[in-house]
file query.cif (mmCIF, C-alpha atoms)
data_work
loop_
_atom_site.group_PDB
_atom_site.id
_atom_site.type_symbol
_atom_site.label_atom_id
_atom_site.label_comp_id
_atom_site.auth_asym_id
_atom_site.auth_seq_id
_atom_site.Cartn_x
_atom_site.Cartn_y
_atom_site.Cartn_z
ATOM 1 C CA MET A 441 12.498 95.303 -143.369
ATOM 2 C CA MET A 442 12.123 92.988 -140.377
ATOM 3 C CA SER A 443 8.375 92.629 -140.931
ATOM 4 C CA ARG A 444 9.017 91.704 -144.553
ATOM 5 C CA ALA A 445 11.677 89.186 -143.536
ATOM 6 C CA SER A 446 9.373 87.595 -140.961
ATOM 7 C CA SER A 447 6.660 87.152 -143.585
ATOM 8 C CA ILE A 448 8.929 85.084 -145.843
ATOM 9 C CA GLN A 449 9.057 81.452 -144.786
ATOM 10 C CA PRO A 450 11.632 78.753 -145.625
ATOM 11 C CA PRO A 451 10.777 76.273 -148.389
ATOM 12 C CA ARG A 452 8.127 74.016 -146.911
ATOM 13 C CA ILE A 453 9.438 70.810 -148.449
ATOM 14 C CA ALA A 454 12.966 71.506 -147.222
ATOM 15 C CA ALA A 455 11.746 72.272 -143.699
ATOM 16 C CA TRP A 456 9.611 69.105 -143.752
ATOM 17 C CA LEU A 457 12.589 66.973 -144.812
ATOM 18 C CA VAL A 458 14.722 68.364 -142.011
ATOM 19 C CA GLY A 459 11.944 67.552 -139.554
ATOM 20 C CA LEU A 460 11.824 63.933 -140.715
ATOM 21 C CA PHE A 461 15.473 63.346 -139.821
ATOM 22 C CA THR A 462 15.691 65.526 -136.695
ATOM 23 C CA PRO A 463 15.899 63.525 -133.434
ATOM 24 C CA ASP A 464 13.060 63.968 -130.956
ATOM 25 C CA GLN A 465 15.218 65.863 -128.468
ATOM 26 C CA GLU A 466 16.262 68.408 -131.103
ATOM 27 C CA THR A 467 12.946 69.060 -132.861
ATOM 28 C CA GLU A 468 13.001 72.699 -131.776
ATOM 29 C CA CYS A 469 16.748 73.376 -131.741
ATOM 30 C CA ILE A 470 17.787 72.445 -135.282
ATOM 31 C CA PRO A 471 14.777 73.847 -137.194
ATOM 32 C CA GLY A 472 14.872 76.930 -134.970
ATOM 33 C CA ASP A 473 18.539 77.629 -135.751
ATOM 34 C CA LEU A 474 17.910 77.211 -139.470
ATOM 35 C CA LEU A 475 14.906 79.523 -139.320
ATOM 36 C CA GLU A 476 16.854 82.178 -137.430
ATOM 37 C CA GLU A 477 19.684 82.178 -139.971
ATOM 38 C CA PHE A 478 17.175 82.108 -142.826
ATOM 39 C CA SER A 479 15.409 85.206 -141.481
ATOM 40 C CA TYR A 480 18.739 86.987 -141.145
ATOM 41 C CA LEU A 481 19.663 86.175 -144.758
ATOM 42 C CA VAL A 482 16.264 87.332 -145.997
ATOM 43 C CA SER A 483 16.836 90.696 -144.337
ATOM 44 C CA ASN A 484 20.373 91.099 -145.669
ATOM 45 C CA SER A 485 20.524 89.179 -148.952
ATOM 46 C CA GLY A 486 16.941 88.726 -150.082
ATOM 47 C CA GLY A 487 14.461 85.850 -150.274
ATOM 48 C CA PRO A 488 15.883 83.974 -153.307
ATOM 49 C CA PHE A 489 19.384 83.822 -151.811
ATOM 50 C CA ALA A 490 17.989 82.721 -148.446
ATOM 51 C CA ARG A 491 15.943 79.957 -150.026
ATOM 52 C CA ARG A 492 18.952 78.617 -151.942
ATOM 53 C CA TRP A 493 20.941 78.701 -148.734
ATOM 54 C CA TYR A 494 18.191 76.838 -146.892
ATOM 55 C CA TRP A 495 18.126 74.072 -149.484
ATOM 56 C CA ARG A 496 21.907 73.678 -149.278
ATOM 57 C CA GLN A 497 21.701 73.538 -145.508
ATOM 58 C CA THR A 498 18.891 71.006 -145.756
ATOM 59 C CA VAL A 499 21.100 68.603 -147.697
ATOM 60 C CA THR A 500 24.027 69.157 -145.326
ATOM 61 C CA THR A 501 21.873 68.815 -142.216
ATOM 62 C CA ILE A 502 20.200 65.609 -143.401
ATOM 63 C CA ALA A 503 23.565 64.063 -144.258
ATOM 64 C CA HIS A 504 24.873 65.006 -140.806
ATOM 65 C CA LEU A 505 21.785 63.682 -139.019
ATOM 66 C CA PHE A 506 21.901 60.474 -141.073
ATOM 67 C CA ALA A 507 25.513 59.806 -140.088
ATOM 68 C CA THR A 508 24.881 60.805 -136.470
ATOM 69 C CA GLY A 509 21.906 58.481 -136.210
ATOM 70 C CA PHE A 510 24.062 55.524 -137.152
ATOM 71 C CA ARG A 511 26.958 56.623 -134.945
ATOM 72 C CA ILE A 512 24.793 56.997 -131.843
ATOM 73 C CA ALA A 513 23.001 53.643 -132.138
ATOM 74 C CA PRO A 514 24.781 51.487 -134.743
ATOM 75 C CA TRP A 515 23.691 48.110 -133.410
ATOM 76 C CA SER A 516 19.987 48.796 -132.966
ATOM 77 C CA THR A 517 19.798 50.645 -136.278
ATOM 78 C CA GLY A 518 21.705 47.889 -138.051
ATOM 79 C CA ALA A 519 19.451 45.255 -136.474
ATOM 80 C CA ALA A 520 16.370 47.086 -137.743
ATOM 81 C CA VAL A 521 17.873 47.225 -141.247
ATOM 82 C CA VAL A 522 18.821 43.535 -141.239
ATOM 83 C CA GLY A 523 15.392 42.594 -139.908
ATOM 84 C CA GLY A 524 13.771 44.687 -142.629
ATOM 85 C CA TYR A 525 15.919 43.020 -145.276
ATOM 86 C CA LEU A 526 14.872 39.549 -144.109
ATOM 87 C CA LEU A 527 11.230 40.597 -143.814
ATOM 88 C CA GLY A 528 11.373 42.126 -147.291
ATOM 89 C CA GLY A 529 12.781 38.926 -148.754
ATOM 90 C CA PHE A 530 9.941 36.972 -147.167
ATOM 91 C CA VAL A 531 6.958 39.161 -148.019
ATOM 92 C CA HIS A 532 8.072 40.096 -151.545
ATOM 93 C CA GLY A 533 7.733 36.470 -152.584
ATOM 94 C CA LEU A 534 4.127 36.269 -151.404
ATOM 95 C CA PRO A 535 2.477 37.883 -154.489
ATOM 96 C CA ASP A 536 4.210 35.384 -156.783
ATOM 97 C CA LYS A 537 3.009 32.479 -154.641
ATOM 98 C CA VAL A 538 -0.533 33.840 -154.546
ATOM 99 C CA LEU A 539 -0.541 34.408 -158.302
ATOM 100 C CA SER A 540 0.751 30.894 -158.922
ATOM 101 C CA ALA A 541 -1.848 29.343 -156.604
ATOM 102 C CA VAL A 542 -4.744 31.322 -158.076
ATOM 103 C CA THR A 543 -3.615 30.638 -161.645
ATOM 104 C CA ASP A 544 -3.358 26.901 -161.011
ATOM 105 C CA ARG A 545 -6.768 26.804 -159.345
ATOM 106 C CA TYR A 546 -8.637 28.925 -161.893
ATOM 107 C CA LEU A 547 -6.682 28.152 -165.046
ATOM 108 C CA GLY A 548 -9.858 27.613 -167.046
ATOM 109 C CA TYR A 549 -11.291 30.937 -165.911
ATOM 110 C CA TRP A 550 -8.142 32.873 -166.815
ATOM 111 C CA SER A 551 -8.002 31.277 -170.264
ATOM 112 C CA HIS A 552 -11.422 32.815 -171.009
ATOM 113 C CA HIS A 553 -10.680 36.143 -169.326
ATOM 114 C CA PHE A 554 -7.224 36.942 -170.598
ATOM 115 C CA LYS A 555 -7.483 40.715 -169.956
ATOM 116 C CA ALA A 556 -8.421 40.161 -166.324
ATOM 117 C CA TYR A 557 -5.520 37.767 -165.941
ATOM 118 C CA MET A 558 -3.047 40.241 -167.447
ATOM 119 C CA PHE A 559 -4.283 42.969 -165.091
ATOM 120 C CA TRP A 560 -3.805 40.677 -162.116
ATOM 121 C CA ALA A 561 -0.393 39.532 -163.314
ATOM 122 C CA SER A 562 0.911 43.047 -164.040
ATOM 123 C CA ASP A 563 -0.868 45.923 -162.293
ATOM 124 C CA GLY A 564 -2.115 43.763 -159.432
ATOM 125 C CA MET A 565 1.331 42.357 -158.748
ATOM 126 C CA TRP A 566 2.889 45.810 -158.821
ATOM 127 C CA ALA A 567 0.282 47.159 -156.387
ATOM 128 C CA ALA A 568 0.861 44.225 -154.050
ATOM 129 C CA HIS A 569 4.602 44.769 -154.293
ATOM 130 C CA LEU A 570 4.234 48.437 -153.321
ATOM 131 C CA ILE A 571 1.854 47.734 -150.426
ATOM 132 C CA LEU A 572 4.166 45.090 -148.997
ATOM 133 C CA SER A 573 7.155 47.406 -149.372
ATOM 134 C CA VAL A 574 5.334 50.129 -147.423
ATOM 135 C CA PHE A 575 4.558 47.500 -144.779
ATOM 136 C CA VAL A 576 8.244 46.570 -144.531
ATOM 137 C CA GLY A 577 9.175 50.238 -144.210
ATOM 138 C CA CYS A 578 6.628 50.716 -141.428
ATOM 139 C CA MET A 579 7.970 47.718 -139.499
ATOM 140 C CA VAL A 580 11.558 48.925 -139.800
ATOM 141 C CA ALA A 581 10.579 52.436 -138.718
ATOM 142 C CA LEU A 582 8.653 51.102 -135.728
ATOM 143 C CA ALA A 583 11.719 49.118 -134.665
ATOM 144 C CA ALA A 584 14.043 52.121 -135.094
ATOM 145 C CA LYS A 585 12.245 54.663 -132.937
ATOM 146 C CA GLY A 586 13.796 58.096 -133.300
ATOM 147 C CA ARG A 587 15.813 56.958 -136.322
ATOM 148 C CA GLU A 588 12.947 55.965 -138.591
ATOM 149 C CA MET A 589 14.300 57.642 -141.705
ATOM 150 C CA VAL A 590 17.890 56.582 -141.063
ATOM 151 C CA ALA A 591 16.909 52.912 -140.929
ATOM 152 C CA THR A 592 14.411 52.900 -143.805
ATOM 153 C CA MET A 593 16.666 54.991 -146.039
ATOM 154 C CA THR A 594 19.590 52.648 -145.350
ATOM 155 C CA LEU A 595 17.478 49.638 -146.239
ATOM 156 C CA ALA A 596 16.324 51.372 -149.417
ATOM 157 C CA ILE A 597 19.952 52.077 -150.366
ATOM 158 C CA VAL A 598 20.765 48.384 -149.881
ATOM 159 C CA PHE A 599 17.955 47.367 -152.224
ATOM 160 C CA TYR A 600 18.857 50.060 -154.756
ATOM 161 C CA THR A 601 22.416 48.742 -154.743
ATOM 162 C CA MET A 602 21.130 45.244 -155.446
ATOM 163 C CA VAL A 603 19.028 46.597 -158.315
ATOM 164 C CA GLY A 604 22.102 48.289 -159.777
ATOM 165 C CA VAL A 605 24.178 45.122 -159.481
ATOM 166 C CA GLY A 606 21.413 43.094 -161.115
ATOM 167 C CA TYR A 607 21.161 45.578 -163.951
ATOM 168 C CA PHE A 608 24.854 45.666 -164.779
ATOM 169 C CA ALA A 609 25.319 41.930 -164.209
ATOM 170 C CA SER A 610 22.525 40.661 -166.416
ATOM 171 C CA VAL A 611 19.455 42.731 -167.221
ATOM 172 C CA GLY A 612 21.151 45.596 -169.030
ATOM 173 C CA LYS A 613 23.152 43.217 -171.182
ATOM 174 C CA HIS A 614 20.512 40.740 -172.277
ATOM 175 C CA TRP A 615 17.103 42.401 -172.071
ATOM 176 C CA PRO A 616 15.560 44.758 -174.669
ATOM 177 C CA LEU A 617 15.142 48.382 -173.671
ATOM 178 C CA ASP A 618 11.384 48.283 -173.040
ATOM 179 C CA LEU A 619 11.622 45.277 -170.729
ATOM 180 C CA THR A 620 14.641 46.773 -168.994
ATOM 181 C CA LEU A 621 12.780 50.002 -168.251
ATOM 182 C CA SER A 622 9.770 48.083 -166.926
ATOM 183 C CA TRP A 623 12.032 45.960 -164.747
ATOM 184 C CA MET A 624 13.848 49.021 -163.392
ATOM 185 C CA LEU A 625 10.573 50.794 -162.602
ATOM 186 C CA PHE A 626 9.223 47.744 -160.802
ATOM 187 C CA GLN A 627 12.403 47.130 -158.811
ATOM 188 C CA CYS A 628 13.044 50.774 -157.914
ATOM 189 C CA SER A 629 9.497 51.407 -156.726
ATOM 190 C CA GLY A 630 9.937 48.962 -153.830
ATOM 191 C CA PRO A 631 12.787 50.788 -152.029
ATOM 192 C CA PHE A 632 10.986 54.088 -152.528
ATOM 193 C CA ALA A 633 7.856 52.586 -150.948
ATOM 194 C CA ILE A 634 9.988 51.436 -147.997
ATOM 195 C CA MET A 635 11.003 55.047 -147.383
ATOM 196 C CA VAL A 636 7.333 56.046 -147.661
ATOM 197 C CA GLY A 637 6.622 53.620 -144.824
ATOM 198 C CA GLY A 638 9.302 55.343 -142.754
ATOM 199 C CA VAL A 639 7.765 58.737 -143.512
ATOM 200 C CA LEU A 640 4.321 57.517 -142.431
ATOM 201 C CA VAL A 641 5.545 56.205 -139.089
ATOM 202 C CA ARG A 642 7.724 59.247 -138.430
ATOM 203 C CA THR A 643 4.861 61.622 -139.277
ATOM 204 C CA PHE A 644 2.434 59.718 -137.058
ATOM 205 C CA ARG A 645 4.857 59.744 -134.148
ATOM 206 C CA SER A 646 5.586 63.453 -134.585
ATOM 207 C CA ALA A 647 1.873 64.249 -134.639
ATOM 208 C CA ALA A 648 1.272 62.131 -131.532
ATOM 209 C CA ARG A 649 4.136 63.864 -129.736
ATOM 210 C CA ALA A 650 2.858 67.332 -130.643
ATOM 211 C CA ARG A 651 -0.712 66.520 -129.613
ATOM 212 C CA PRO A 652 -1.658 67.962 -126.187
ATOM 213 C CA SER A 653 -1.699 65.317 -123.475
ATOM 214 C CA GLY A 654 -5.321 66.041 -122.667
ATOM 215 C CA ALA A 655 -6.463 65.623 -126.284
#
call {"tool": "encode", "arguments": {"input": "query.cif", "output": "C-alpha cells"}}
result
Amino acid sequence: MMSRASSIQPPRIAAWLVGLFTPDQETECIPGDLLEEFSYLVSNSGGPFARRWYWRQTVTTIAHLFATGFRIAPWSTGAAVVGGYLLGGFVHGLPDKVLSAVTDRYLGYWSHHFKAYMFWASDGMWAAHLILSVFVGCMVALAAKGREMVATMTLAIVFYTMVGVGYFASVGKHWPLDLTLSWMLFQCSGPFAIMVGGVLVRTFRSAARARPSGA
C-alpha cells in the first residue's frame, strides 16, 4: 500500500502554483507538508480524494501566502504595485502613438494596402499590448523579490477592477455585443499578461536558486 501511495503524485499544476507563491525560505517546508499529508490520504482514502484535497489546500494555501506577503512587507509590495501601475499607464499608450505616427507618415501607403493596415491596427496593436504588459509584470516582479506573484497579481486585480468599472459605467450600456466582447478580450488580456511576467521572473529566480553554485 505504501509503495502504491508513493507512486501517486499530487496534481502537477496545483503543486506548481503553490511553488509560485511560496516564499524562498519555505520552499521545502510548505510543499513538503502538503506532500506528506497527500501521501497519507492516498494510503487511507484513495488517489481521487487526495487530489481533491490537494486542490482545496492549494487554493487555501495561496490565499494565505498572498495575504501574508502583503502583511510582512506592505510598503515595499505596495510601492512595486504603484510603480507598476504608473509604468503600465506610460507604456500602454506607446502603441497608439506609434500607430498614429506611422499612419500619418505613410498614409498613402496604407490607403493602397488596406489589409496590411488593418492587421497592424488590430492584431499588431494587440500583440504590442501583450508584450508591454508582460514587460510591466516583469518589472514589478523584479522590484518585489520574494513576493513576485503577490505584487503582479495585485496589480492585475487593480486593472481588472478598472475594466469592470469601465464596462458597467459605459461600454456595456452603449456598445453592441460584438464590440463589447472584443473590448473585454483586449482589456482583460493585459492584466493576465502582467501575471505571466510575474511567473517568468519567479520561475527564473527559482531555477537560479536551485542551480548548483558550481554550475
call {"tool": "closest_residue", "arguments": {"input": "query.cif", "among": "A:Val574, A:Thr501, A:Trp623, A:Val580", "to": "Ser610 of chain A", "atoms": "all atoms listed in the file"}}
result
A:Trp623
call {"tool": "atom_distance", "arguments": {"input": "query.cif", "atom1": "atom CA of Leu475 of chain A", "atom2": "atom CA of Thr500 of chain A"}}
result
15.1 Å
call {"tool": "resolve_selection", "arguments": {"input": "query.cif", "expression": "the PyMOL selection byres ((chain A and resi 528) around 10)", "output": "number ranges by chain"}}
result
A: 522-527, 529-533, 572-573, 575-577, 595, 599, 630-631, 634
call {"tool": "write_last_selection", "arguments": {"input": "query.cif", "atoms": "C-alpha atoms", "output": "PDB file, in the frame of the given file"}}
result
ATOM      1  CA  VAL A 522      18.821  43.535-141.239  1.00  0.00           C
ATOM      2  CA  GLY A 523      15.392  42.594-139.908  1.00  0.00           C
ATOM      3  CA  GLY A 524      13.771  44.687-142.629  1.00  0.00           C
ATOM      4  CA  TYR A 525      15.919  43.020-145.276  1.00  0.00           C
ATOM      5  CA  LEU A 526      14.872  39.549-144.109  1.00  0.00           C
ATOM      6  CA  LEU A 527      11.230  40.597-143.814  1.00  0.00           C
ATOM      7  CA  GLY A 529      12.781  38.926-148.754  1.00  0.00           C
ATOM      8  CA  PHE A 530       9.941  36.972-147.167  1.00  0.00           C
ATOM      9  CA  VAL A 531       6.958  39.161-148.019  1.00  0.00           C
ATOM     10  CA  HIS A 532       8.072  40.096-151.545  1.00  0.00           C
ATOM     11  CA  GLY A 533       7.733  36.470-152.584  1.00  0.00           C
ATOM     12  CA  LEU A 572       4.166  45.090-148.997  1.00  0.00           C
ATOM     13  CA  SER A 573       7.155  47.406-149.372  1.00  0.00           C
ATOM     14  CA  PHE A 575       4.558  47.500-144.779  1.00  0.00           C
ATOM     15  CA  VAL A 576       8.244  46.570-144.531  1.00  0.00           C
ATOM     16  CA  GLY A 577       9.175  50.238-144.210  1.00  0.00           C
ATOM     17  CA  LEU A 595      17.478  49.638-146.239  1.00  0.00           C
ATOM     18  CA  PHE A 599      17.955  47.367-152.224  1.00  0.00           C
ATOM     19  CA  GLY A 630       9.937  48.962-153.830  1.00  0.00           C
ATOM     20  CA  PRO A 631      12.787  50.788-152.029  1.00  0.00           C
ATOM     21  CA  ILE A 634       9.988  51.436-147.997  1.00  0.00           C
TER      22      ILE A 634
END
call {"tool": "residues_near_point", "arguments": {"input": "query.cif", "point": "(21.9, 49.7, -144.9)", "cutoff": "12 Å", "atoms": "all atoms listed in the file", "output": "MDAnalysis selection string"}}
result
chainID A and resid 506:507 510 514:515 517:525 580 589:602 631
call {"tool": "atom_distance", "arguments": {"input": "query.cif", "atom1": "atom CA of Arg511 of chain A", "atom2": "atom CA of Gly637 of chain A"}}
result
22.8 Å
call {"tool": "closest_residue", "arguments": {"input": "query.cif", "among": "A:Cys578, A:Phe461, A:Leu505, A:Pro450", "to": "Phe489 of chain A", "atoms": "only C-alpha atoms"}}
result
A:Pro450
call {"tool": "resolve_selection", "arguments": {"input": "query.cif", "expression": "the PyMOL selection byres ((chain A and resi 464) around 10)", "output": "VMD selection string"}}
result
chain A and resid 459 to 463 465 to 468 585 to 587 645 to 646 649
call {"tool": "write_last_selection", "arguments": {"input": "query.cif", "atoms": "C-alpha atoms", "output": "short mmCIF file (atom, residue, chain, number, x, y, z; two decimals), in the coordinates of the input"}}
result
data_model
loop_
_atom_site.label_atom_id
_atom_site.label_comp_id
_atom_site.auth_asym_id
_atom_site.auth_seq_id
_atom_site.Cartn_x
_atom_site.Cartn_y
_atom_site.Cartn_z
CA GLY A 459 11.94 67.55 -139.55
CA LEU A 460 11.82 63.93 -140.72
CA PHE A 461 15.47 63.35 -139.82
CA THR A 462 15.69 65.53 -136.70
CA PRO A 463 15.90 63.52 -133.43
CA GLN A 465 15.22 65.86 -128.47
CA GLU A 466 16.26 68.41 -131.10
CA THR A 467 12.95 69.06 -132.86
CA GLU A 468 13.00 72.70 -131.78
CA LYS A 585 12.24 54.66 -132.94
CA GLY A 586 13.80 58.10 -133.30
CA ARG A 587 15.81 56.96 -136.32
CA ARG A 645 4.86 59.74 -134.15
CA SER A 646 5.59 63.45 -134.58
CA ARG A 649 4.14 63.86 -129.74
#
call {"tool": "closest_residue", "arguments": {"input": "query.cif", "among": "A:Ser485, A:Asp473, A:Phe626, A:Arg491", "to": "Ala454 of chain A", "atoms": "all atoms listed in the file"}}
result
A:Arg491
call {"tool": "atom_distance", "arguments": {"input": "query.cif", "atom1": "atom CA of Cys469 of chain A", "atom2": "atom CA of Ser483 of chain A"}}
result
21.4 Å
call {"tool": "closest_residue", "arguments": {"input": "query.cif", "among": "A:Ala581, A:Pro471, A:Arg492, A:Val458", "to": "Arg642 of chain A", "atoms": "all atoms listed in the file"}}
result
A:Ala581
